[in-house]
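> Pasting a structure here, questions to come.
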Amino acid sequence: NAQGHLFHEHGDVDAAMRAAAHVFEHTFETARTLHGYIEPRASLVWLDGDVVHVITTNKAPFALRDQMAATLGIPADRIVVDAGHIGGDFGGKGLSTDEFALYHLARATGRPVKCVQRYADDAKGTNTRHASRIRLRTGVDADGRILAHEARVLLDGGAYAAGKPIVHLLPGDAMLTLAGYHVPSARVQATTVYTNSVPAGHARAPGQPQNAFAAESHLDLIAEALGIDPLELRLRNAIRPGQVDVHGRAWESSQVAPVLEALRRGSGWGTPLAPGRGRGIGRGVRHVGRGRTSLVLEVTADGRIEVLTAGSDQGGGAHTMLQRIVAAELEVPLDR
């Protein structure tokens, strides 16, 4: 039933567990969720001679072009995809749905063909965030410092492995079960499994909400059992420069402890609360990839500047940002 599987181990987990003063094990479950964007998916396809034109809300125009070329047997340079402004996304609109069928309909009718989905269509037929069952087992010393960690992450992949843009068919951070903590030894495995339900795919910060919920709840339960303040337990285990994380990678720098200290000061942590009021803490680590990009600028005859970019606007204002950068760098009015 496995769609994808990953395994990682570093350090002597079994020996560290035996040496631990306390070992805690808990299991957590999270439900499927929809991305929640309001704007529907929509596509328009027409043929102009032997060139296929596609206007779509798919945020991955190059991937869509390659998929259509491979599936339909058309050279990629004969497919023109315009992603434009796709509306809300939250990770959900990288999955191709209607563009392939629209091509066949456009070819059969000789007319442009458009499909705009209802929200109910999205809910029934497109990818969701993975539901999960996460079992965490952690050994700590007498002061609550992590010595060893084991995790088994099961993710509900749905009826088929659709909407997963990476080769191992798991959300990007399916293995990140104790993000931002010093974990001297760890054994982590994650598996996506087939179920007879709607396919799951990438949602914003894929794999992280499930693991952050499980890990932070796990630490709260450990703190309660040991009688340690939950913020203090996190500070004791916050990763410092040179220490290794749950993936066995050493961090060159870390702001985890300073952020927690700032939280302690700014929140009035430890001060009395009014009756019926509570105070809790949850912490997450989000890595956002960085990379190079390129633009093509052209000056038109009337003195306007056209900016050609391969980046789609997922609803966060990326194209507006590029306009502002170009205007500032070239010292020209924004409306040009």
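How things are named: the first chain in the structure tokens is A, the next is B, and so on; residues count from 1 in each chain; ligands count from 1 in the order shown.
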Could you pull the residues within 8 Å of His5 in chain A, counting only C-alpha atoms, minus those fewer than 3 positions along the same chain, as number ranges by chain?

A: 2, 168-170, 189-192

> Please tabulate, as JSON lines, the residues of range 126-211 of chain A that come within 12 Å of range 36-41 of chain A, each with its closest pair of atoms and the distance in Å to one decimal, counting only C-alpha atoms and ordering rows by chain, then residue number upward.


```
{"residue": "A:Thr126", "atom": "CA", "partner": "A:Arg41", "partner_atom": "CA", "distance": 10.1}
{"residue": "A:Asn127", "atom": "CA", "partner": "A:Gly36", "partner_atom": "CA", "distance": 11.7}
{"residue": "A:Thr128", "atom": "CA", "partner": "A:Gly36", "partner_atom": "CA", "distance": 9.7}
{"residue": "A:Arg129", "atom": "CA", "partner": "A:Gly36", "partner_atom": "CA", "distance": 10.7}
{"residue": "A:Ala203", "atom": "CA", "partner": "A:Gly36", "partner_atom": "CA", "distance": 10.2}
{"residue": "A:Arg204", "atom": "CA", "partner": "A:Gly36", "partner_atom": "CA", "distance": 10.9}
```

> Excluding His218 in chain A and residues on its chain fewer than 5 positions from it, collect all residues at most 10 Å away from it, counting only C-alpha atoms, and give them as a short mmCIF file (atom, residue, chain, number, x, y, z; two decimals) with all heavy atoms, in the first residue's frame.


```cif
data_model
loop_
_atom_site.label_atom_id
_atom_site.label_comp_id
_atom_site.auth_asym_id
_atom_site.auth_seq_id
_atom_site.Cartn_x
_atom_site.Cartn_y
_atom_site.Cartn_z
N PHE A 24 9.46 8.63 26.50
CA PHE A 24 8.05 8.97 26.31
C PHE A 24 7.62 8.59 24.90
O PHE A 24 8.37 8.80 23.94
CB PHE A 24 7.82 10.47 26.52
CG PHE A 24 8.14 10.94 27.91
CD1 PHE A 24 9.42 11.42 28.21
CD2 PHE A 24 7.19 10.90 28.90
CE1 PHE A 24 9.73 11.86 29.49
CE2 PHE A 24 7.48 11.34 30.20
CZ PHE A 24 8.76 11.82 30.49
N GLU A 25 6.42 8.06 24.77
CA GLU A 25 5.88 7.69 23.46
C GLU A 25 4.44 8.16 23.36
O GLU A 25 3.63 7.91 24.27
CB GLU A 25 5.96 6.18 23.24
CG GLU A 25 5.45 5.76 21.86
CD GLU A 25 5.67 4.28 21.57
OE1 GLU A 25 6.66 3.71 22.09
OE2 GLU A 25 4.85 3.69 20.83
N HIS A 26 4.12 8.86 22.27
CA HIS A 26 2.77 9.36 22.04
C HIS A 26 2.44 9.23 20.55
O HIS A 26 3.32 9.25 19.70
CB HIS A 26 2.64 10.83 22.45
CG HIS A 26 3.03 11.11 23.86
ND1 HIS A 26 4.20 11.79 24.20
CD2 HIS A 26 2.43 10.79 25.03
CE1 HIS A 26 4.29 11.89 25.51
NE2 HIS A 26 3.23 11.29 26.05
N THR A 27 1.15 9.10 20.26
CA THR A 27 0.68 9.04 18.89
C THR A 27 -0.32 10.17 18.65
O THR A 27 -1.19 10.43 19.49
CB THR A 27 0.01 7.68 18.60
OG1 THR A 27 0.97 6.64 18.79
CG2 THR A 27 -0.50 7.63 17.15
N PHE A 28 -0.20 10.81 17.50
CA PHE A 28 -1.05 11.95 17.16
C PHE A 28 -1.65 11.74 15.77
O PHE A 28 -1.04 11.11 14.91
CB PHE A 28 -0.24 13.26 17.17
CG PHE A 28 0.48 13.49 18.47
CD1 PHE A 28 1.79 13.06 18.64
CD2 PHE A 28 -0.16 14.13 19.52
CE1 PHE A 28 2.45 13.26 19.83
CE2 PHE A 28 0.50 14.33 20.73
CZ PHE A 28 1.81 13.90 20.88
N ARG A 135 3.64 8.68 15.22
CA ARG A 135 4.05 8.11 16.50
C ARG A 135 5.46 8.60 16.82
O ARG A 135 6.40 8.39 16.05
CB ARG A 135 4.03 6.58 16.44
CG ARG A 135 4.26 5.92 17.81
CD ARG A 135 4.33 4.42 17.68
NE ARG A 135 5.56 3.99 17.04
CZ ARG A 135 5.73 2.83 16.42
NH1 ARG A 135 4.71 1.98 16.33
NH2 ARG A 135 6.88 2.50 15.89
N LEU A 136 5.60 9.27 17.95
CA LEU A 136 6.88 9.82 18.39
C LEU A 136 7.32 9.13 19.68
O LEU A 136 6.51 8.95 20.60
CB LEU A 136 6.78 11.33 18.62
CG LEU A 136 6.28 12.16 17.44
CD1 LEU A 136 6.23 13.64 17.82
CD2 LEU A 136 7.16 11.96 16.21
N ARG A 137 8.60 8.78 19.74
CA ARG A 137 9.17 8.17 20.94
C ARG A 137 10.50 8.89 21.21
O ARG A 137 11.39 8.90 20.35
CB ARG A 137 9.40 6.68 20.72
CG ARG A 137 9.96 5.91 21.92
CD ARG A 137 9.90 4.41 21.67
NE ARG A 137 10.39 3.65 22.79
CZ ARG A 137 11.63 3.11 22.84
NH1 ARG A 137 12.46 3.25 21.80
NH2 ARG A 137 12.02 2.43 23.90
N THR A 138 10.64 9.48 22.40
CA THR A 138 11.80 10.31 22.69
C THR A 138 12.37 9.97 24.06
O THR A 138 11.61 9.87 25.04
CB THR A 138 11.43 11.81 22.64
OG1 THR A 138 10.90 12.12 21.34
CG2 THR A 138 12.65 12.69 22.90
N LEU A 178 11.04 16.83 14.70
CA LEU A 178 11.44 17.67 15.84
C LEU A 178 12.23 18.87 15.30
O LEU A 178 13.41 19.03 15.58
CB LEU A 178 12.29 16.89 16.86
CG LEU A 178 11.56 16.07 17.92
CD1 LEU A 178 12.56 15.41 18.86
CD2 LEU A 178 10.58 16.93 18.73
N ALA A 212 4.68 19.53 13.10
CA ALA A 212 4.81 20.56 14.14
C ALA A 212 3.77 20.34 15.23
O ALA A 212 4.07 20.44 16.43
CB ALA A 212 4.66 21.95 13.54
N PHE A 213 2.54 20.02 14.83
CA PHE A 213 1.49 19.74 15.81
C PHE A 213 1.89 18.56 16.70
O PHE A 213 1.78 18.61 17.94
CB PHE A 213 0.16 19.45 15.12
CG PHE A 213 -0.86 18.81 16.02
CD1 PHE A 213 -1.50 19.54 17.00
CD2 PHE A 213 -1.17 17.46 15.87
CE1 PHE A 213 -2.43 18.93 17.83
CE2 PHE A 213 -2.10 16.86 16.69
CZ PHE A 213 -2.74 17.59 17.68
N ALA A 223 6.98 17.82 29.13
CA ALA A 223 7.18 18.86 30.14
C ALA A 223 6.23 18.65 31.32
O ALA A 223 6.63 18.78 32.49
CB ALA A 223 6.96 20.23 29.50
#
```

> Using only C-alpha atoms, which protein or nucleic acid residues come within 9 Å of Gly11 in chain A? Drop anything in the same chain fewer than 6 positions from it, and give the result as a PDB file with N, CA, C and O atoms, in the first residue's frame.


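Final output, selection_32.pdb:
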```pdb
ATOM      1  N   ALA A 148      17.639  10.865  22.437  1.00  0.00           N
ATOM      2  CA  ALA A 148      17.333  10.013  21.284  1.00  0.00           C
ATOM      3  C   ALA A 148      15.885  10.226  20.884  1.00  0.00           C
ATOM      4  O   ALA A 148      15.031  10.562  21.718  1.00  0.00           O
ATOM      5  N   PRO A 184      20.670  14.472  19.193  1.00  0.00           N
ATOM      6  CA  PRO A 184      21.950  13.789  18.979  1.00  0.00           C
ATOM      7  C   PRO A 184      21.826  12.473  18.238  1.00  0.00           C
ATOM      8  O   PRO A 184      22.751  12.068  17.522  1.00  0.00           O
ATOM      9  N   SER A 185      20.711  11.766  18.396  1.00  0.00           N
ATOM     10  CA  SER A 185      20.505  10.508  17.668  1.00  0.00           C
ATOM     11  C   SER A 185      19.033  10.398  17.311  1.00  0.00           C
ATOM     12  O   SER A 185      18.160  10.756  18.104  1.00  0.00           O
ATOM     13  N   ALA A 186      18.777   9.913  16.106  1.00  0.00           N
ATOM     14  CA  ALA A 186      17.389   9.850  15.640  1.00  0.00           C
ATOM     15  C   ALA A 186      17.222   8.729  14.636  1.00  0.00           C
ATOM     16  O   ALA A 186      18.136   8.400  13.875  1.00  0.00           O
ATOM     17  N   ARG A 187      16.011   8.162  14.632  1.00  0.00           N
ATOM     18  CA  ARG A 187      15.604   7.186  13.627  1.00  0.00           C
ATOM     19  C   ARG A 187      14.191   7.584  13.185  1.00  0.00           C
ATOM     20  O   ARG A 187      13.255   7.511  13.967  1.00  0.00           O
ATOM     21  N   GLY A 248      20.166  15.029  11.319  1.00  0.00           N
ATOM     22  CA  GLY A 248      21.599  14.791  11.476  1.00  0.00           C
ATOM     23  C   GLY A 248      22.458  15.882  10.870  1.00  0.00           C
ATOM     24  O   GLY A 248      23.675  15.714  10.758  1.00  0.00           O
TER      25      GLY A 248
END
```

> Using DSSP on the backbone, list every residue of range 140-201 of chain A that comes out as strand (DSSP E or B), and give them as a PDB file with all heavy atoms, in the first residue's frame.


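selection.pdb was written with the following content:
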```pdb
ATOM      1  N   VAL A 140      14.919  11.209  27.093  1.00  0.00           N
ATOM      2  CA  VAL A 140      15.515  12.431  27.631  1.00  0.00           C
ATOM      3  C   VAL A 140      16.289  12.105  28.899  1.00  0.00           C
ATOM      4  O   VAL A 140      16.067  11.067  29.544  1.00  0.00           O
ATOM      5  CB  VAL A 140      14.429  13.490  27.937  1.00  0.00           C
ATOM      6  CG1 VAL A 140      13.663  13.862  26.668  1.00  0.00           C
ATOM      7  CG2 VAL A 140      13.463  12.988  29.018  1.00  0.00           C
ATOM      8  N   ILE A 146      16.968  16.171  25.231  1.00  0.00           N
ATOM      9  CA  ILE A 146      16.745  15.072  24.297  1.00  0.00           C
ATOM     10  C   ILE A 146      18.041  14.299  24.059  1.00  0.00           C
ATOM     11  O   ILE A 146      19.086  14.885  23.745  1.00  0.00           O
ATOM     12  CB  ILE A 146      16.197  15.603  22.958  1.00  0.00           C
ATOM     13  CG1 ILE A 146      14.816  16.253  23.179  1.00  0.00           C
ATOM     14  CG2 ILE A 146      16.107  14.498  21.918  1.00  0.00           C
ATOM     15  CD1 ILE A 146      14.307  17.035  21.994  1.00  0.00           C
ATOM     16  N   LEU A 147      17.968  12.979  24.201  1.00  0.00           N
ATOM     17  CA  LEU A 147      19.103  12.102  23.920  1.00  0.00           C
ATOM     18  C   LEU A 147      18.875  11.281  22.656  1.00  0.00           C
ATOM     19  O   LEU A 147      19.812  11.017  21.900  1.00  0.00           O
ATOM     20  CB  LEU A 147      19.347  11.158  25.103  1.00  0.00           C
ATOM     21  CG  LEU A 147      19.639  11.807  26.454  1.00  0.00           C
ATOM     22  CD1 LEU A 147      19.798  10.731  27.529  1.00  0.00           C
ATOM     23  CD2 LEU A 147      20.901  12.671  26.386  1.00  0.00           C
ATOM     24  N   ALA A 148      17.639  10.865  22.437  1.00  0.00           N
ATOM     25  CA  ALA A 148      17.333  10.013  21.284  1.00  0.00           C
ATOM     26  C   ALA A 148      15.885  10.226  20.884  1.00  0.00           C
ATOM     27  O   ALA A 148      15.031  10.562  21.718  1.00  0.00           O
ATOM     28  CB  ALA A 148      17.586   8.543  21.615  1.00  0.00           C
ATOM     29  N   HIS A 149      15.617   9.991  19.603  1.00  0.00           N
ATOM     30  CA  HIS A 149      14.272  10.236  19.090  1.00  0.00           C
ATOM     31  C   HIS A 149      13.962   9.226  17.991  1.00  0.00           C
ATOM     32  O   HIS A 149      14.801   8.961  17.122  1.00  0.00           O
ATOM     33  CB  HIS A 149      14.182  11.657  18.527  1.00  0.00           C
ATOM     34  CG  HIS A 149      12.886  11.969  17.861  1.00  0.00           C
ATOM     35  ND1 HIS A 149      11.692  12.054  18.541  1.00  0.00           N
ATOM     36  CD2 HIS A 149      12.592  12.228  16.550  1.00  0.00           C
ATOM     37  CE1 HIS A 149      10.732  12.358  17.698  1.00  0.00           C
ATOM     38  NE2 HIS A 149      11.233  12.461  16.481  1.00  0.00           N
ATOM     39  N   GLU A 150      12.768   8.652  18.063  1.00  0.00           N
ATOM     40  CA  GLU A 150      12.264   7.780  17.002  1.00  0.00           C
ATOM     41  C   GLU A 150      10.917   8.317  16.532  1.00  0.00           C
ATOM     42  O   GLU A 150      10.115   8.791  17.343  1.00  0.00           O
ATOM     43  CB  GLU A 150      12.080   6.350  17.520  1.00  0.00           C
ATOM     44  CG  GLU A 150      13.354   5.568  17.732  1.00  0.00           C
ATOM     45  CD  GLU A 150      13.057   4.131  18.116  1.00  0.00           C
ATOM     46  OE1 GLU A 150      12.426   3.925  19.178  1.00  0.00           O
ATOM     47  OE2 GLU A 150      13.440   3.222  17.356  1.00  0.00           O
ATOM     48  N   ALA A 151      10.683   8.225  15.229  1.00  0.00           N
ATOM     49  CA  ALA A 151       9.408   8.700  14.693  1.00  0.00           C
ATOM     50  C   ALA A 151       8.965   7.792  13.561  1.00  0.00           C
ATOM     51  O   ALA A 151       9.779   7.338  12.753  1.00  0.00           O
ATOM     52  CB  ALA A 151       9.533  10.132  14.190  1.00  0.00           C
ATOM     53  N   ARG A 152       7.650   7.558  13.517  1.00  0.00           N
ATOM     54  CA  ARG A 152       7.035   6.834  12.397  1.00  0.00           C
ATOM     55  C   ARG A 152       5.864   7.675  11.922  1.00  0.00           C
ATOM     56  O   ARG A 152       4.870   7.830  12.642  1.00  0.00           O
ATOM     57  CB  ARG A 152       6.581   5.445  12.819  1.00  0.00           C
ATOM     58  CG  ARG A 152       6.045   4.603  11.651  1.00  0.00           C
ATOM     59  CD  ARG A 152       5.901   3.144  12.058  1.00  0.00           C
ATOM     60  NE  ARG A 152       5.523   2.318  10.901  1.00  0.00           N
ATOM     61  CZ  ARG A 152       4.294   1.845  10.720  1.00  0.00           C
ATOM     62  NH1 ARG A 152       3.348   2.105  11.603  1.00  0.00           N
ATOM     63  NH2 ARG A 152       4.013   1.104   9.663  1.00  0.00           N
ATOM     64  N   VAL A 153       5.995   8.214  10.730  1.00  0.00           N
ATOM     65  CA  VAL A 153       4.997   9.121  10.167  1.00  0.00           C
ATOM     66  C   VAL A 153       4.256   8.400   9.043  1.00  0.00           C
ATOM     67  O   VAL A 153       4.869   7.985   8.052  1.00  0.00           O
ATOM     68  CB  VAL A 153       5.665  10.400   9.621  1.00  0.00           C
ATOM     69  CG1 VAL A 153       4.620  11.346   9.040  1.00  0.00           C
ATOM     70  CG2 VAL A 153       6.476  11.090  10.715  1.00  0.00           C
ATOM     71  N   LEU A 154       2.945   8.217   9.210  1.00  0.00           N
ATOM     72  CA  LEU A 154       2.105   7.628   8.173  1.00  0.00           C
ATOM     73  C   LEU A 154       1.212   8.724   7.599  1.00  0.00           C
ATOM     74  O   LEU A 154       0.502   9.413   8.344  1.00  0.00           O
ATOM     75  CB  LEU A 154       1.225   6.511   8.744  1.00  0.00           C
ATOM     76  CG  LEU A 154       1.904   5.170   9.016  1.00  0.00           C
ATOM     77  CD1 LEU A 154       0.906   4.208   9.653  1.00  0.00           C
ATOM     78  CD2 LEU A 154       2.460   4.577   7.736  1.00  0.00           C
ATOM     79  N   LEU A 155       1.247   8.891   6.273  1.00  0.00           N
ATOM     80  CA  LEU A 155       0.495   9.937   5.610  1.00  0.00           C
ATOM     81  C   LEU A 155      -0.499   9.316   4.634  1.00  0.00           C
ATOM     82  O   LEU A 155      -0.152   8.409   3.870  1.00  0.00           O
ATOM     83  CB  LEU A 155       1.443  10.876   4.856  1.00  0.00           C
ATOM     84  CG  LEU A 155       2.449  11.604   5.758  1.00  0.00           C
ATOM     85  CD1 LEU A 155       3.572  12.196   4.926  1.00  0.00           C
ATOM     86  CD2 LEU A 155       1.754  12.696   6.550  1.00  0.00           C
ATOM     87  N   ASP A 156      -1.735   9.796   4.673  1.00  0.00           N
ATOM     88  CA  ASP A 156      -2.806   9.282   3.821  1.00  0.00           C
ATOM     89  C   ASP A 156      -2.660   9.902   2.435  1.00  0.00           C
ATOM     90  O   ASP A 156      -2.990  11.059   2.217  1.00  0.00           O
ATOM     91  CB  ASP A 156      -4.159   9.643   4.450  1.00  0.00           C
ATOM     92  CG  ASP A 156      -5.335   9.117   3.656  1.00  0.00           C
ATOM     93  OD1 ASP A 156      -5.133   8.609   2.535  1.00  0.00           O
ATOM     94  OD2 ASP A 156      -6.470   9.218   4.165  1.00  0.00           O
ATOM     95  N   GLY A 157      -2.184   9.094   1.474  1.00  0.00           N
ATOM     96  CA  GLY A 157      -1.925   9.606   0.138  1.00  0.00           C
ATOM     97  C   GLY A 157      -3.113   9.590  -0.792  1.00  0.00           C
ATOM     98  O   GLY A 157      -3.056  10.173  -1.875  1.00  0.00           O
ATOM     99  N   GLY A 158      -4.203   8.916  -0.392  1.00  0.00           N
ATOM    100  CA  GLY A 158      -5.372   8.857  -1.258  1.00  0.00           C
ATOM    101  C   GLY A 158      -5.275   7.729  -2.269  1.00  0.00           C
ATOM    102  O   GLY A 158      -4.398   6.868  -2.222  1.00  0.00           O
ATOM    103  N   TYR A 181      15.234  21.502  17.046  1.00  0.00           N
ATOM    104  CA  TYR A 181      15.774  21.041  18.317  1.00  0.00           C
ATOM    105  C   TYR A 181      17.061  20.249  18.090  1.00  0.00           C
ATOM    106  O   TYR A 181      17.263  19.666  17.025  1.00  0.00           O
ATOM    107  CB  TYR A 181      14.741  20.172  19.048  1.00  0.00           C
ATOM    108  CG  TYR A 181      13.492  20.933  19.443  1.00  0.00           C
ATOM    109  CD1 TYR A 181      12.299  20.746  18.751  1.00  0.00           C
ATOM    110  CD2 TYR A 181      13.520  21.855  20.484  1.00  0.00           C
ATOM    111  CE1 TYR A 181      11.153  21.446  19.107  1.00  0.00           C
ATOM    112  CE2 TYR A 181      12.370  22.568  20.835  1.00  0.00           C
ATOM    113  CZ  TYR A 181      11.206  22.365  20.138  1.00  0.00           C
ATOM    114  OH  TYR A 181      10.084  23.067  20.479  1.00  0.00           O
ATOM    115  N   ALA A 186      18.777   9.913  16.106  1.00  0.00           N
ATOM    116  CA  ALA A 186      17.389   9.850  15.640  1.00  0.00           C
ATOM    117  C   ALA A 186      17.222   8.729  14.636  1.00  0.00           C
ATOM    118  O   ALA A 186      18.136   8.400  13.875  1.00  0.00           O
ATOM    119  CB  ALA A 186      16.960  11.178  15.022  1.00  0.00           C
ATOM    120  N   ARG A 187      16.011   8.162  14.632  1.00  0.00           N
ATOM    121  CA  ARG A 187      15.604   7.186  13.627  1.00  0.00           C
ATOM    122  C   ARG A 187      14.191   7.584  13.185  1.00  0.00           C
ATOM    123  O   ARG A 187      13.255   7.511  13.967  1.00  0.00           O
ATOM    124  CB  ARG A 187      15.618   5.773  14.204  1.00  0.00           C
ATOM    125  CG  ARG A 187      15.230   4.683  13.175  1.00  0.00           C
ATOM    126  CD  ARG A 187      15.150   3.311  13.854  1.00  0.00           C
ATOM    127  NE  ARG A 187      16.428   2.888  14.390  1.00  0.00           N
ATOM    128  CZ  ARG A 187      16.621   2.501  15.652  1.00  0.00           C
ATOM    129  NH1 ARG A 187      15.609   2.502  16.507  1.00  0.00           N
ATOM    130  NH2 ARG A 187      17.819   2.131  16.066  1.00  0.00           N
ATOM    131  N   VAL A 188      14.091   8.034  11.956  1.00  0.00           N
ATOM    132  CA  VAL A 188      12.822   8.580  11.461  1.00  0.00           C
ATOM    133  C   VAL A 188      12.457   7.891  10.156  1.00  0.00           C
ATOM    134  O   VAL A 188      13.304   7.739   9.262  1.00  0.00           O
ATOM    135  CB  VAL A 188      12.924  10.104  11.230  1.00  0.00           C
ATOM    136  CG1 VAL A 188      11.588  10.658  10.733  1.00  0.00           C
ATOM    137  CG2 VAL A 188      13.352  10.816  12.506  1.00  0.00           C
ATOM    138  N   GLN A 189      11.202   7.486  10.040  1.00  0.00           N
ATOM    139  CA  GLN A 189      10.712   6.964   8.767  1.00  0.00           C
ATOM    140  C   GLN A 189       9.340   7.555   8.474  1.00  0.00           C
ATOM    141  O   GLN A 189       8.534   7.780   9.380  1.00  0.00           O
ATOM    142  CB  GLN A 189      10.658   5.444   8.768  1.00  0.00           C
ATOM    143  CG  GLN A 189       9.775   4.813   9.819  1.00  0.00           C
ATOM    144  CD  GLN A 189       9.751   3.301   9.679  1.00  0.00           C
ATOM    145  OE1 GLN A 189       9.751   2.753   8.572  1.00  0.00           O
ATOM    146  NE2 GLN A 189       9.742   2.595  10.800  1.00  0.00           N
ATOM    147  N   ALA A 190       9.112   7.840   7.210  1.00  0.00           N
ATOM    148  CA  ALA A 190       7.835   8.395   6.779  1.00  0.00           C
ATOM    149  C   ALA A 190       7.349   7.622   5.566  1.00  0.00           C
ATOM    150  O   ALA A 190       8.139   7.257   4.687  1.00  0.00           O
ATOM    151  CB  ALA A 190       7.977   9.874   6.444  1.00  0.00           C
ATOM    152  N   THR A 191       6.056   7.368   5.517  1.00  0.00           N
ATOM    153  CA  THR A 191       5.460   6.590   4.428  1.00  0.00           C
ATOM    154  C   THR A 191       4.145   7.222   4.014  1.00  0.00           C
ATOM    155  O   THR A 191       3.318   7.567   4.865  1.00  0.00           O
ATOM    156  CB  THR A 191       5.190   5.136   4.869  1.00  0.00           C
ATOM    157  OG1 THR A 191       6.373   4.581   5.448  1.00  0.00           O
ATOM    158  CG2 THR A 191       4.760   4.281   3.683  1.00  0.00           C
ATOM    159  N   THR A 192       3.948   7.408   2.716  1.00  0.00           N
ATOM    160  CA  THR A 192       2.616   7.734   2.210  1.00  0.00           C
ATOM    161  C   THR A 192       1.962   6.429   1.763  1.00  0.00           C
ATOM    162  O   THR A 192       2.602   5.600   1.114  1.00  0.00           O
ATOM    163  CB  THR A 192       2.671   8.702   1.013  1.00  0.00           C
ATOM    164  OG1 THR A 192       3.684   8.286   0.099  1.00  0.00           O
ATOM    165  CG2 THR A 192       2.942  10.109   1.460  1.00  0.00           C
ATOM    166  N   VAL A 193       0.697   6.259   2.120  1.00  0.00           N
ATOM    167  CA  VAL A 193       0.009   5.004   1.836  1.00  0.00           C
ATOM    168  C   VAL A 193      -1.250   5.271   1.018  1.00  0.00           C
ATOM    169  O   VAL A 193      -1.879   6.331   1.115  1.00  0.00           O
ATOM    170  CB  VAL A 193      -0.354   4.253   3.133  1.00  0.00           C
ATOM    171  CG1 VAL A 193       0.896   3.850   3.881  1.00  0.00           C
ATOM    172  CG2 VAL A 193      -1.261   5.094   4.015  1.00  0.00           C
ATOM    173  N   TYR A 194      -1.605   4.280   0.184  1.00  0.00           N
ATOM    174  CA  TYR A 194      -2.825   4.362  -0.609  1.00  0.00           C
ATOM    175  C   TYR A 194      -4.046   4.141   0.273  1.00  0.00           C
ATOM    176  O   TYR A 194      -4.052   3.254   1.132  1.00  0.00           O
ATOM    177  CB  TYR A 194      -2.824   3.298  -1.707  1.00  0.00           C
ATOM    178  CG  TYR A 194      -1.899   3.592  -2.861  1.00  0.00           C
ATOM    179  CD1 TYR A 194      -0.681   2.939  -2.972  1.00  0.00           C
ATOM    180  CD2 TYR A 194      -2.257   4.520  -3.829  1.00  0.00           C
ATOM    181  CE1 TYR A 194       0.173   3.195  -4.038  1.00  0.00           C
ATOM    182  CE2 TYR A 194      -1.415   4.790  -4.890  1.00  0.00           C
ATOM    183  CZ  TYR A 194      -0.210   4.134  -4.996  1.00  0.00           C
ATOM    184  OH  TYR A 194       0.629   4.396  -6.043  1.00  0.00           O
ATOM    185  N   ALA A 200      -4.122  13.061  -2.004  1.00  0.00           N
ATOM    186  CA  ALA A 200      -3.515  14.160  -1.255  1.00  0.00           C
ATOM    187  C   ALA A 200      -2.276  14.646  -1.989  1.00  0.00           C
ATOM    188  O   ALA A 200      -1.651  13.900  -2.736  1.00  0.00           O
ATOM    189  CB  ALA A 200      -3.153  13.696   0.156  1.00  0.00           C
TER     190      ALA A 200
END
```

> Near Ala225 in chain A, counting only C-alpha atoms, which residues have an atom at most 12 Å away, once you skip same-chain residues fewer than 2 positions from it, shown as a list in words?

His22, Val23, Phe24, Glu25, Val140, Ala142, Asp143, Gly144, His218, Leu219, Asp220, Leu221, Ile222, Ala223, Gly227, Ile228, Asp229, Pro230 and Leu233 of chain A

> Let me make sure I understand: among A:Val198, A:Ile281, A:Met68, A:Ala123, which one has the smallest atom-to-atom distance to Leu263 in chain A if we use only C-alpha atoms?

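Using only C-alpha atoms, the shortest distance to Leu263 in chain A belongs to A:Ile281.
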
> In Å, with one decimal, what is the gap from CA of Val113 in chain A to CA of Trp46 in chain A?

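Rounded to one decimal, the two atoms are 6.5 Å apart.
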
> Have a look at A:Ile74, A:Ala257, A:Ile134, A:Ala159 and name the one nearest to Asn1 in chain A; count only C-alpha atoms.

A:Ala159

> Any chance you could list, as a ChimeraX atom specification, the residues in range 107-316 of chain A that come up alpha helix (DSSP H) when DSSP is run on the backbone?

/A:107-109,119-125,208-226,230-237,256-267

> Quick check, in Å to one decimal: how far apart do CA of Glu261 in chain A and CA of Gln208 in chain A lie?

23.1 Å

> As a VMD selection string, please: the residues near Ile86 in chain A (cut-off 8 Å, only C-alpha atoms, same-chain neighbours under 2 positions excluded).

chain A and resid 56 to 59 83 to 84 88 to 89 312 to 315

> Smallest atom-to-atom distance to Gly91 in chain A: which of A:Leu44, A:Cys115, A:Ala205, A:Leu273, using only C-alpha atoms?

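Nearest to Gly91 in chain A: A:Ala205.
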
> When distances are computed from only C-alpha atoms, which of A:Leu102, A:Ala214, A:Leu95, A:Leu297 shows the smallest separation from Gly282 in chain A?

A:Ala214

> Which residue gives the smallest distance to Ala215 in chain A among A:His287, A:Glu29, A:Thr271, A:Leu308, with only C-alpha atoms counted?

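Among the listed residues, the smallest separation from Ala215 in chain A belongs to A:Glu29.
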